[in-house]
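Structure below is model.cif: mmCIF, C-alpha atoms.
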```cif
data_structure
loop_
_atom_site.label_atom_id
_atom_site.label_comp_id
_atom_site.auth_asym_id
_atom_site.auth_seq_id
_atom_site.Cartn_x
_atom_site.Cartn_y
_atom_site.Cartn_z
CA MET Y 1 -70.18 -105.85 16.52
CA ASN Y 2 -66.77 -105.94 18.20
CA LEU Y 3 -64.18 -108.67 17.67
CA LYS Y 4 -64.85 -110.20 21.06
CA ASN Y 5 -68.53 -110.81 20.28
CA ILE Y 6 -67.61 -112.20 16.87
CA ALA Y 7 -65.15 -114.61 18.48
CA ILE Y 8 -67.73 -115.70 21.02
CA SER Y 9 -70.33 -116.21 18.31
CA LEU Y 10 -67.96 -118.21 16.12
CA SER Y 11 -66.89 -120.37 19.03
CA PHE Y 12 -70.52 -120.90 19.93
CA ILE Y 13 -71.29 -122.10 16.39
CA SER Y 14 -68.25 -124.37 16.46
CA MET Y 15 -68.99 -125.91 19.84
CA ILE Y 16 -72.75 -126.30 19.60
CA ILE Y 17 -73.62 -126.62 15.92
CA LEU Y 18 -70.54 -128.34 14.52
CA GLY Y 19 -70.32 -130.65 17.49
CA CYS Y 20 -67.07 -129.21 18.83
CA SER Y 21 -65.30 -129.11 15.48
CA ALA Y 22 -61.73 -130.13 16.03
CA MET Y 23 -58.32 -131.08 14.77
CA ASP Y 24 -58.16 -134.45 16.53
CA ALA Y 25 -57.81 -137.64 14.55
CA LYS Y 26 -61.03 -139.37 13.55
CA THR Y 27 -61.89 -142.08 16.06
CA LYS Y 28 -63.60 -145.33 15.16
CA ASN Y 29 -65.09 -147.75 17.66
CA ASP Y 30 -63.75 -151.23 18.16
CA LYS Y 31 -66.18 -153.99 17.27
CA ASN Y 32 -68.22 -154.96 20.30
CA THR Y 33 -69.07 -158.60 20.85
CA LYS Y 34 -72.41 -157.72 22.46
CA LYS Y 35 -75.25 -156.29 20.41
CA LEU Y 36 -75.89 -152.73 21.58
CA SER Y 37 -79.42 -151.35 21.53
CA ASN Y 38 -78.14 -147.75 21.42
CA TYR Y 39 -75.88 -148.25 18.40
CA ASP Y 40 -76.60 -148.10 14.65
CA TYR Y 41 -74.35 -150.76 13.15
CA ASP Y 42 -74.95 -149.58 9.57
CA LYS Y 43 -74.00 -145.93 10.21
CA GLU Y 44 -71.55 -146.84 13.02
CA VAL Y 45 -72.89 -144.21 15.41
CA PHE Y 46 -74.44 -144.20 18.87
CA LEU Y 47 -78.10 -143.28 19.28
CA ASN Y 48 -80.30 -141.37 21.66
CA ARG Y 49 -83.67 -142.75 22.74
CA LYS Y 50 -85.08 -140.54 19.96
CA PRO Y 51 -82.63 -141.38 17.14
CA GLY Y 52 -83.31 -138.38 14.84
CA ILE Y 53 -83.36 -135.70 17.48
CA ILE Y 54 -79.88 -134.30 16.76
CA ASP Y 55 -80.48 -134.11 13.00
CA GLU Y 56 -83.65 -132.10 13.64
CA MET Y 57 -81.76 -129.71 15.91
CA TRP Y 58 -78.99 -129.33 13.31
CA LYS Y 59 -81.42 -128.36 10.53
CA ARG Y 60 -83.22 -125.85 12.74
CA ASN Y 61 -80.04 -124.16 13.92
CA MET Y 62 -78.44 -123.91 10.49
CA SER Y 63 -81.15 -121.61 9.14
CA VAL Y 64 -80.08 -118.10 8.09
CA LYS Y 65 -82.17 -116.60 10.88
CA SER Y 66 -80.51 -118.80 13.51
CA ILE Y 67 -77.00 -118.02 12.27
CA PHE Y 68 -77.66 -114.28 12.40
CA SER Y 69 -79.02 -114.64 15.92
CA PHE Y 70 -75.71 -116.22 16.93
CA LEU Y 71 -73.97 -113.05 15.77
CA SER Y 72 -76.22 -110.71 17.73
CA LYS Y 73 -74.99 -108.80 20.74
CA ALA Y 74 -75.51 -110.15 24.23
CA LYS Y 75 -74.91 -108.65 27.66
CA ASP Y 76 -72.94 -109.91 30.64
CA LEU Y 77 -71.69 -113.09 28.99
CA GLU Y 78 -68.66 -112.92 31.26
CA PRO Y 79 -68.26 -111.53 34.79
CA LYS Y 80 -66.82 -108.03 34.92
CA ASN Y 81 -64.41 -108.96 37.70
CA ARG Y 82 -62.60 -112.08 38.81
CA LEU Y 83 -65.01 -114.43 40.53
CA PRO Y 84 -64.45 -114.97 44.26
CA GLU Y 85 -62.70 -118.22 45.05
CA ASN Y 86 -61.27 -120.19 47.93
CA ILE Y 87 -57.79 -121.69 47.82
CA PRO Y 88 -58.42 -125.23 49.11
CA ASP Y 89 -56.11 -127.01 51.52
CA LEU Y 90 -55.54 -130.05 49.32
CA ALA Y 91 -53.47 -131.90 51.90
CA GLU Y 92 -56.38 -131.72 54.35
CA PHE Y 93 -58.91 -132.47 51.61
CA SER Y 94 -57.05 -135.63 50.58
CA LYS Y 95 -57.06 -137.29 53.99
CA ARG Y 96 -58.92 -140.54 54.48
CA THR Y 97 -62.57 -139.78 55.21
CA GLU Y 98 -65.72 -141.73 55.86
CA GLY Y 99 -67.74 -139.12 54.00
CA VAL Y 100 -67.80 -137.42 50.61
CA HIS Y 101 -66.15 -134.05 50.05
CA SER Y 102 -66.02 -132.05 46.81
CA ILE Y 103 -64.29 -129.06 45.22
CA TRP Y 104 -65.81 -127.35 42.18
CA PHE Y 105 -63.36 -125.78 39.72
CA GLY Y 106 -65.99 -124.14 37.52
CA HIS Y 107 -68.10 -125.46 34.63
CA SER Y 108 -68.30 -129.28 34.97
CA THR Y 109 -64.92 -129.97 36.56
CA PHE Y 110 -64.96 -131.09 40.18
CA LEU Y 111 -62.88 -133.22 42.53
CA LEU Y 112 -64.34 -135.74 44.95
CA ASN Y 113 -62.88 -137.33 48.03
CA PHE Y 114 -65.23 -140.29 48.05
CA GLU Y 115 -64.51 -142.14 51.28
CA GLY Y 116 -60.78 -141.71 50.80
CA LYS Y 117 -60.57 -142.21 47.03
CA LEU Y 118 -59.90 -139.12 44.91
CA ILE Y 119 -62.09 -138.89 41.81
CA LEU Y 120 -61.71 -136.12 39.24
CA ILE Y 121 -64.75 -135.44 37.04
CA ASP Y 122 -64.51 -134.05 33.47
CA PRO Y 123 -61.23 -132.22 34.16
CA VAL Y 124 -60.52 -129.15 32.01
CA PHE Y 125 -57.57 -127.08 33.28
CA SER Y 126 -56.52 -125.56 29.94
CA ASP Y 127 -56.88 -121.87 29.14
CA ASN Y 128 -59.70 -122.61 26.69
CA ALA Y 129 -62.25 -125.32 25.89
CA SER Y 130 -61.86 -125.29 22.13
CA PRO Y 131 -59.53 -126.67 19.45
CA VAL Y 132 -58.58 -123.05 18.64
CA SER Y 133 -56.98 -121.10 21.50
CA LEU Y 134 -58.72 -117.86 20.52
CA PHE Y 135 -62.14 -119.25 21.38
CA VAL Y 136 -63.96 -120.34 24.58
CA LYS Y 137 -61.42 -118.92 27.00
CA ARG Y 138 -61.96 -119.53 30.69
CA PHE Y 139 -63.05 -116.62 32.87
CA GLN Y 140 -59.99 -116.94 35.08
CA SER Y 141 -57.04 -119.22 35.68
CA PRO Y 142 -57.69 -122.45 37.62
CA VAL Y 143 -57.78 -122.00 41.36
CA VAL Y 144 -55.41 -125.00 41.59
CA SER Y 145 -52.89 -125.96 38.93
CA LEU Y 146 -52.63 -129.50 37.60
CA GLU Y 147 -49.17 -129.78 39.15
CA ASN Y 148 -50.57 -129.02 42.61
CA LEU Y 149 -53.40 -131.54 42.50
CA PRO Y 150 -53.13 -134.46 44.89
CA GLU Y 151 -52.60 -137.97 43.54
CA ILE Y 152 -55.82 -138.85 41.71
CA ASP Y 153 -57.22 -142.40 41.80
CA TYR Y 154 -59.92 -142.16 39.09
CA ILE Y 155 -60.88 -139.74 36.33
CA VAL Y 156 -64.49 -139.96 35.09
CA ILE Y 157 -65.38 -138.58 31.65
CA SER Y 158 -68.98 -137.96 30.53
CA HIS Y 159 -68.33 -137.43 26.79
CA ASP Y 160 -65.73 -136.18 24.34
CA HIS Y 161 -66.68 -132.52 23.80
CA TYR Y 162 -63.90 -130.04 24.49
CA ASP Y 163 -65.41 -128.57 27.63
CA HIS Y 164 -65.44 -132.06 29.20
CA LEU Y 165 -62.50 -133.91 27.63
CA ASP Y 166 -59.37 -131.78 27.40
CA LYS Y 167 -56.29 -133.20 25.67
CA GLU Y 168 -53.78 -131.06 27.55
CA THR Y 169 -55.27 -131.98 30.91
CA THR Y 170 -55.62 -135.65 30.00
CA THR Y 171 -52.04 -136.10 28.81
CA PHE Y 172 -50.78 -134.62 32.09
CA PHE Y 173 -51.93 -137.88 33.69
CA LYS Y 174 -50.33 -140.11 31.03
CA ASP Y 175 -47.55 -141.35 33.31
CA LYS Y 176 -49.51 -141.28 36.55
CA LEU Y 177 -51.27 -144.23 38.17
CA VAL Y 178 -54.80 -143.06 37.53
CA THR Y 179 -57.63 -145.05 35.95
CA PHE Y 180 -59.91 -143.39 33.40
CA ILE Y 181 -63.58 -144.41 33.39
CA THR Y 182 -65.42 -143.38 30.24
CA PRO Y 183 -68.40 -144.16 28.01
CA LEU Y 184 -67.84 -146.53 25.08
CA GLY Y 185 -65.46 -145.27 22.41
CA VAL Y 186 -64.02 -142.36 24.40
CA GLY Y 187 -61.09 -144.57 25.37
CA ASN Y 188 -59.89 -144.41 21.76
CA HIS Y 189 -59.15 -140.71 22.18
CA LEU Y 190 -57.16 -141.51 25.30
CA LYS Y 191 -55.19 -144.26 23.57
CA ASN Y 192 -54.36 -141.88 20.71
CA TRP Y 193 -52.98 -139.47 23.32
CA GLY Y 194 -50.75 -142.09 24.95
CA ILE Y 195 -52.86 -143.30 27.89
CA PRO Y 196 -52.11 -147.02 28.44
CA THR Y 197 -55.00 -149.33 27.54
CA ASP Y 198 -54.89 -151.09 30.90
CA ARG Y 199 -55.79 -147.80 32.64
CA ILE Y 200 -58.97 -147.23 30.61
CA ILE Y 201 -62.38 -148.63 31.55
CA GLU Y 202 -65.22 -148.09 29.04
CA LYS Y 203 -68.89 -148.70 29.79
CA ASN Y 204 -72.23 -148.60 28.01
CA TRP Y 205 -75.36 -147.24 29.68
CA TRP Y 206 -76.38 -149.28 32.74
CA GLU Y 207 -73.03 -151.08 32.89
CA SER Y 208 -70.96 -150.76 36.05
CA HIS Y 209 -67.38 -151.04 37.26
CA GLU Y 210 -66.71 -152.00 40.87
CA VAL Y 211 -63.39 -151.24 42.53
CA ASP Y 212 -62.12 -150.14 45.97
CA GLY Y 213 -65.58 -150.43 47.51
CA LEU Y 214 -67.02 -148.06 44.90
CA ARG Y 215 -69.39 -148.71 42.04
CA PHE Y 216 -69.28 -146.53 38.91
CA ILE Y 217 -72.43 -146.88 36.79
CA ALA Y 218 -72.77 -145.34 33.33
CA THR Y 219 -76.32 -144.10 32.90
CA PRO Y 220 -78.20 -142.59 29.93
CA ALA Y 221 -78.07 -138.98 28.77
CA GLN Y 222 -79.62 -137.24 25.78
CA HIS Y 223 -76.72 -135.54 24.03
CA PHE Y 224 -74.24 -136.15 21.20
CA SER Y 225 -70.49 -136.46 20.67
CA GLY Y 226 -67.69 -135.57 18.29
CA ARG Y 227 -64.41 -133.68 18.22
CA GLY Y 228 -64.22 -133.27 14.45
CA LEU Y 229 -66.41 -132.54 11.47
CA PHE Y 230 -66.71 -136.18 10.52
CA ASP Y 231 -66.91 -138.15 13.77
CA ARG Y 232 -70.32 -137.16 15.09
CA ASN Y 233 -71.69 -139.71 17.59
CA GLU Y 234 -68.91 -142.26 17.05
CA THR Y 235 -68.36 -142.23 20.81
CA LEU Y 236 -70.99 -142.55 23.53
CA TRP Y 237 -72.09 -139.87 26.01
CA ALA Y 238 -73.27 -140.71 29.52
CA SER Y 239 -74.24 -139.53 32.96
CA TRP Y 240 -72.67 -141.30 35.93
CA VAL Y 241 -73.69 -142.72 39.28
CA ILE Y 242 -71.02 -143.31 41.93
CA GLN Y 243 -72.02 -145.45 44.90
CA SER Y 244 -70.61 -146.95 48.05
CA GLU Y 245 -72.42 -148.75 50.84
CA SER Y 246 -73.01 -145.38 52.50
CA PHE Y 247 -73.34 -142.79 49.71
CA ASN Y 248 -75.05 -142.40 46.37
CA LEU Y 249 -74.03 -139.60 43.97
CA TYR Y 250 -75.24 -138.62 40.50
CA TYR Y 251 -73.59 -136.51 37.77
CA SER Y 252 -75.62 -135.61 34.69
CA GLY Y 253 -72.87 -134.82 32.20
CA ASP Y 254 -74.58 -132.92 29.37
CA SER Y 255 -78.17 -133.78 28.53
CA GLY Y 256 -81.48 -132.55 27.29
CA TYR Y 257 -84.50 -133.38 29.43
CA ASP Y 258 -86.19 -136.73 28.81
CA VAL Y 259 -87.58 -139.77 30.59
CA HIS Y 260 -84.13 -141.13 31.44
CA PHE Y 261 -83.88 -138.96 34.56
CA LYS Y 262 -86.92 -140.59 36.12
CA GLU Y 263 -85.71 -144.00 35.03
CA ILE Y 264 -82.35 -143.40 36.71
CA GLY Y 265 -84.04 -142.06 39.84
CA ASP Y 266 -86.36 -145.06 40.00
CA LYS Y 267 -83.62 -147.64 39.40
CA LEU Y 268 -80.69 -146.17 41.30
CA GLY Y 269 -82.03 -143.35 43.50
CA PRO Y 270 -82.63 -141.67 45.74
CA PHE Y 271 -79.33 -139.77 45.63
CA ASP Y 272 -77.57 -137.91 48.39
CA ILE Y 273 -76.59 -135.24 45.88
CA ALA Y 274 -77.05 -134.61 42.16
CA TYR Y 275 -74.57 -132.58 40.11
CA VAL Y 276 -76.93 -131.38 37.39
CA GLU Y 277 -76.14 -129.55 34.15
CA SER Y 278 -77.56 -126.07 34.70
CA GLY Y 279 -76.05 -123.67 32.18
CA GLN Y 280 -75.14 -122.89 28.55
CA TYR Y 281 -78.74 -123.38 27.47
CA ASN Y 282 -80.88 -121.99 24.68
CA GLU Y 283 -84.35 -122.89 23.44
CA LYS Y 284 -82.81 -123.55 20.03
CA TRP Y 285 -80.95 -126.59 21.32
CA GLU Y 286 -82.89 -127.72 24.37
CA GLU Y 287 -82.77 -131.27 22.98
CA VAL Y 288 -79.18 -131.52 24.24
CA HIS Y 289 -78.91 -128.87 27.00
CA MET Y 290 -81.59 -128.30 29.61
CA MET Y 291 -83.31 -125.00 30.26
CA PRO Y 292 -83.47 -124.10 33.99
CA LYS Y 293 -87.02 -125.43 34.35
CA ASP Y 294 -85.85 -128.73 32.83
CA SER Y 295 -82.90 -128.98 35.20
CA LEU Y 296 -85.28 -128.60 38.14
CA HIS Y 297 -87.54 -131.31 36.71
CA ALA Y 298 -84.53 -133.59 36.30
CA TYR Y 299 -83.51 -132.98 39.92
CA LYS Y 300 -86.99 -133.97 41.09
CA ASP Y 301 -87.04 -137.05 38.85
CA LEU Y 302 -83.72 -138.17 40.30
CA ARG Y 303 -85.08 -137.92 43.87
CA ALA Y 304 -81.90 -136.25 45.08
CA LYS Y 305 -81.57 -134.65 48.49
CA LYS Y 306 -79.28 -131.84 47.31
CA TYR Y 307 -78.85 -130.00 44.00
CA PHE Y 308 -75.35 -128.93 42.88
CA PRO Y 309 -75.55 -126.88 39.63
CA VAL Y 310 -72.68 -127.46 37.18
CA HIS Y 311 -71.89 -126.54 33.56
CA TRP Y 312 -71.77 -122.82 34.32
CA GLY Y 313 -69.42 -120.23 35.78
CA MET Y 314 -66.27 -120.64 33.65
CA PHE Y 315 -66.88 -120.69 29.87
CA VAL Y 316 -69.19 -118.90 27.43
CA LEU Y 317 -70.99 -121.42 25.23
CA SER Y 318 -74.36 -119.70 24.96
CA LYS Y 319 -75.88 -116.22 24.87
CA HIS Y 320 -77.26 -115.88 28.40
CA ALA Y 321 -75.63 -113.84 31.15
CA TRP Y 322 -72.95 -115.79 32.97
CA ASN Y 323 -74.91 -115.89 36.27
CA ASP Y 324 -78.36 -116.33 34.73
CA PRO Y 325 -78.47 -120.09 35.50
CA VAL Y 326 -78.29 -119.61 39.26
CA LEU Y 327 -80.59 -116.59 39.29
CA GLN Y 328 -83.25 -118.49 37.36
CA LEU Y 329 -82.90 -121.68 39.38
CA LEU Y 330 -83.26 -119.87 42.69
CA ASP Y 331 -86.26 -117.92 41.39
CA MET Y 332 -88.07 -120.98 40.02
CA ALA Y 333 -87.24 -123.64 42.62
CA GLU Y 334 -89.55 -124.75 45.37
CA ALA Y 335 -88.73 -123.48 48.83
CA ASP Y 336 -87.48 -126.84 50.10
CA THR Y 337 -84.90 -127.32 47.30
CA LYS Y 338 -81.50 -127.69 48.94
CA PHE Y 339 -78.99 -126.01 46.66
CA VAL Y 340 -75.25 -126.41 47.02
CA ILE Y 341 -73.62 -123.50 45.16
CA PRO Y 342 -70.10 -123.01 46.48
CA LYS Y 343 -67.41 -120.60 45.39
CA ILE Y 344 -64.81 -121.98 43.04
CA GLY Y 345 -62.31 -123.93 45.13
CA GLN Y 346 -64.54 -124.12 48.21
CA VAL Y 347 -64.55 -127.48 49.99
CA VAL Y 348 -68.04 -128.88 50.47
CA LYS Y 349 -68.75 -131.75 52.87
CA LEU Y 350 -71.75 -133.74 51.73
CA ASN Y 351 -73.02 -134.49 55.24
CA ASP Y 352 -72.90 -130.86 56.36
CA GLU Y 353 -75.69 -128.35 55.88
CA PHE Y 354 -74.77 -125.84 53.18
CA SER Y 355 -75.57 -122.14 53.64
CA LEU Y 356 -76.02 -120.18 50.42
CA ASN Y 357 -73.79 -117.13 50.06
CA PRO Y 358 -74.87 -115.25 46.92
CA TRP Y 359 -71.34 -114.59 45.64
CA TRP Y 360 -72.65 -114.63 42.03
CA LYS Y 361 -74.36 -111.25 42.56
#
```

Take the structure from the file and write it as structure tokens.
Amino acid sequence: MNLKNIAISLSFISMIILGCSAMDAKTKNDKNTKKLSNYDYDKEVFLNRKPGIIDEMWKRNMSVKSIFSFLSKAKDLEPKNRLPENIPDLAEFSKRTEGVHSIWFGHSTFLLNFEGKLILIDPVFSDNASPVSLFVKRFQSPVVSLENLPEIDYIVISHDHYDHLDKETTTFFKDKLVTFITPLGVGNHLKNWGIPTDRIIEKNWWESHEVDGLRFIATPAQHFSGRGLFDRNETLWASWVIQSESFNLYYSGDSGYDVHFKEIGDKLGPFDIAYVESGQYNEKWEEVHMMPKDSLHAYKDLRAKKYFPVHWGMFVLSKHAWNDPVLQLLDMAEADTKFVIPKIGQVVKLNDEFSLNPWWK
């Protein structure tokens, strides 16, 4: 086995099994005045609908057989060449609009112009998505640098894992007038990094924040959290719904498949578009990351008009080929599924018809 495969395997173990093992300070939650149904007050941790599901996954994946499988060779984990990308006209993108436009930066990072307000989702612009720079390196440099981004109004975080909450990226916005919207407890990381408290909004599942004609709703996900060896599930993980009077958008964050997708679709759908986790999967941890068939089921449960696959195309966190998510989704989906799969940096207008261009081949 070459050093590259060893590094990938070790980073995989760190990110998936150790819960993104990290060097960050341990974060404790503030006492909440309202009794939370998804919180264990004795253990001081947040809970999934099935409370023991992560412990079961942990035990299964820490077997000798599983560890050796992590170290096995795998093909095409990364693209052989630089992925095609579009350099977006950010000045044009940032103009006041009555619609919703988006730019995908790879993995789960994307920028929205939501009726004139700029919303950045799970921004990771660092060279790697790991506490150790050797591991989980991005396929290629960001198509747009942090310094060249337009003035952002809101940053939405789904959970505190390194491929969704990046310290270097976050602290770039420390002195900028941007509001962070996060699940419960994640704000403590931000405060530790110097983000002012008055620019942090934290929500539990089904709670909402209304501002500027927009409504941000934290919705359930089946996942876990932690940036260190001893802070597992001390912060909450969530999916998000963003609504206006005219548009309704869903972002899954990270999640295994469960009944919450149908519940969200029934309560808050149908959605104009769903950004659904669609990569870095493995049957050994399908409790917290969906297989392609599960992602398609989630999309149907959500009753979304369009399917935008995310959580692929920039980092290696699993053992499948880098483009396997899209190949499987397109092969398994029903003919009327409307996929939106743009190049990195390509501007997508929600109201426009999207024509698939198989750049991933």

For this session: State, in Å with one decimal place, the distance from CA of Glu353 (chain Y) to CA of Gly279 (chain Y).
Result: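 Result for CA of Glu353 (chain Y) versus CA of Gly279 (chain Y): 24.2 Å, one decimal.
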
For this session: Write out as a ChimeraX atom specification the residues lying within 8 Å of region 150-159 of chain Y, counting all atoms listed in the file and excluding same-chain residues fewer than 3 positions away.
Result: /Y:90-91,94,117-123,164-165,177-183,186,225,235-240,253-254

Exercise. So how many Å separate CA of Ala298 (chain Y) and CA of Gln222 (chain Y), to one decimal?
Worked result: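 Taking CA of Ala298 (chain Y) as the start and CA of Gln222 (chain Y) as the end point, the length is 12.2 Å.
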
For this session: Please provide as a ChimeraX atom specification all residues within 9 Å of Asp266 (chain Y), with the sequence filter that same-chain residues fewer than 5 positions apart are discarded (counting all atoms listed in the file).
Result: /Y:261,301-303

For region 296-331 of chain Y versus region 80-85 of chain Y, which residues have an atom no more than 12 Å away, and what is each residue's nearest atom pair and distance in Å rounded to one decimal, using only C-alpha atoms, chain-then-number order, as JSON lines?
```
{"residue": "Y:Gly313", "atom": "CA", "partner": "Y:Leu83", "partner_atom": "CA", "distance": 8.7}
{"residue": "Y:Met314", "atom": "CA", "partner": "Y:Leu83", "partner_atom": "CA", "distance": 9.4}
{"residue": "Y:Ala321", "atom": "CA", "partner": "Y:Lys80", "partner_atom": "CA", "distance": 11.2}
{"residue": "Y:Trp322", "atom": "CA", "partner": "Y:Lys80", "partner_atom": "CA", "distance": 10.1}
{"residue": "Y:Asn323", "atom": "CA", "partner": "Y:Leu83", "partner_atom": "CA", "distance": 10.9}
```

Output C-alpha atoms for every residue in that selection, as a PDB file, in the frame of the given file.
```pdb
ATOM      1  CA  GLY Y 313     -69.420-120.230  35.780  1.00  0.00           C
ATOM      2  CA  MET Y 314     -66.270-120.640  33.650  1.00  0.00           C
ATOM      3  CA  ALA Y 321     -75.630-113.840  31.150  1.00  0.00           C
ATOM      4  CA  TRP Y 322     -72.950-115.790  32.970  1.00  0.00           C
ATOM      5  CA  ASN Y 323     -74.910-115.890  36.270  1.00  0.00           C
TER       6      ASN Y 323
END
```

Problem set entry | Distance query Tyr39 (chain Y) at most 10 Å, only C-alpha atoms, self and fewer than 3 positions along chain excluded, as an MDAnalysis selection string | chainID Y and resid 35:36 42:48 51 233:236

For this session: Considering only C-alpha atoms, return as a ChimeraX atom specification whatever protein or nucleic-acid residues lie within 7 Å of Met290 (chain Y), sequence-local ones (same chain, fewer than 6 positions apart) excluded.
Result: /Y:255-257,278,281

For this session: Find the distance between CA of Ser244 (chain Y) and CA of Glu115 (chain Y) and write it in Å to one decimal.
Result: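 The value is 8.4 Å.
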
Problem set entry | Non-local contacts of Leu146 (chain Y) (10 Å; only C-alpha atoms; under 3 positions in same chain excluded) as an NGL selection string | :Y and (123-126 or 142-143 or 149-150 or 169 or 172-173)

Problem set entry | Residue nearest Trp205 (chain Y) - candidates Y:Leu184, Y:Met332, Y:Val348, Y:Val132, atoms counted: only C-alpha atoms |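 Between Y:Leu184, Y:Met332, Y:Val348, Y:Val132, the residue approaching Trp205 (chain Y) most closely is Y:Leu184.
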
Exercise. Out of Y:Met291, Y:Leu134, Y:Ile217, Y:Leu296, which residue has the shortest atom-to-atom distance to Glu334 (chain Y) when counting only C-alpha atoms?
Worked result: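 Of Y:Met291, Y:Leu134, Y:Ile217, Y:Leu296, the one nearest Glu334 (chain Y), counting only C-alpha atoms, is Y:Leu296.
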
For this session: Give the answer as one residue: which of Y:Glu168, Y:Glu56, Y:Ser295, Y:Phe114 has the shortest atom-to-atom distance to Gly213 (chain Y), using only C-alpha atoms?
Result: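 Among the listed residues, Y:Phe114 lies closest to Gly213 (chain Y).
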
Centre and edges of the region 79-83 of chain Y box, axis-aligned, 5 Å extra per side, as AutoDock Vina command-line options:
```
--center_x -65.4 --center_y -111.2 --center_z 37.7 --size_x 15.7 --size_y 16.4 --size_z 15.7
```

Problem set entry | Protein/DNA/RNA residues near (-61.3, -119.7, 48.3), cut 6 Å, all atoms listed in the file, as a PyMOL selection string | chain Y and resi 85-87+345-346
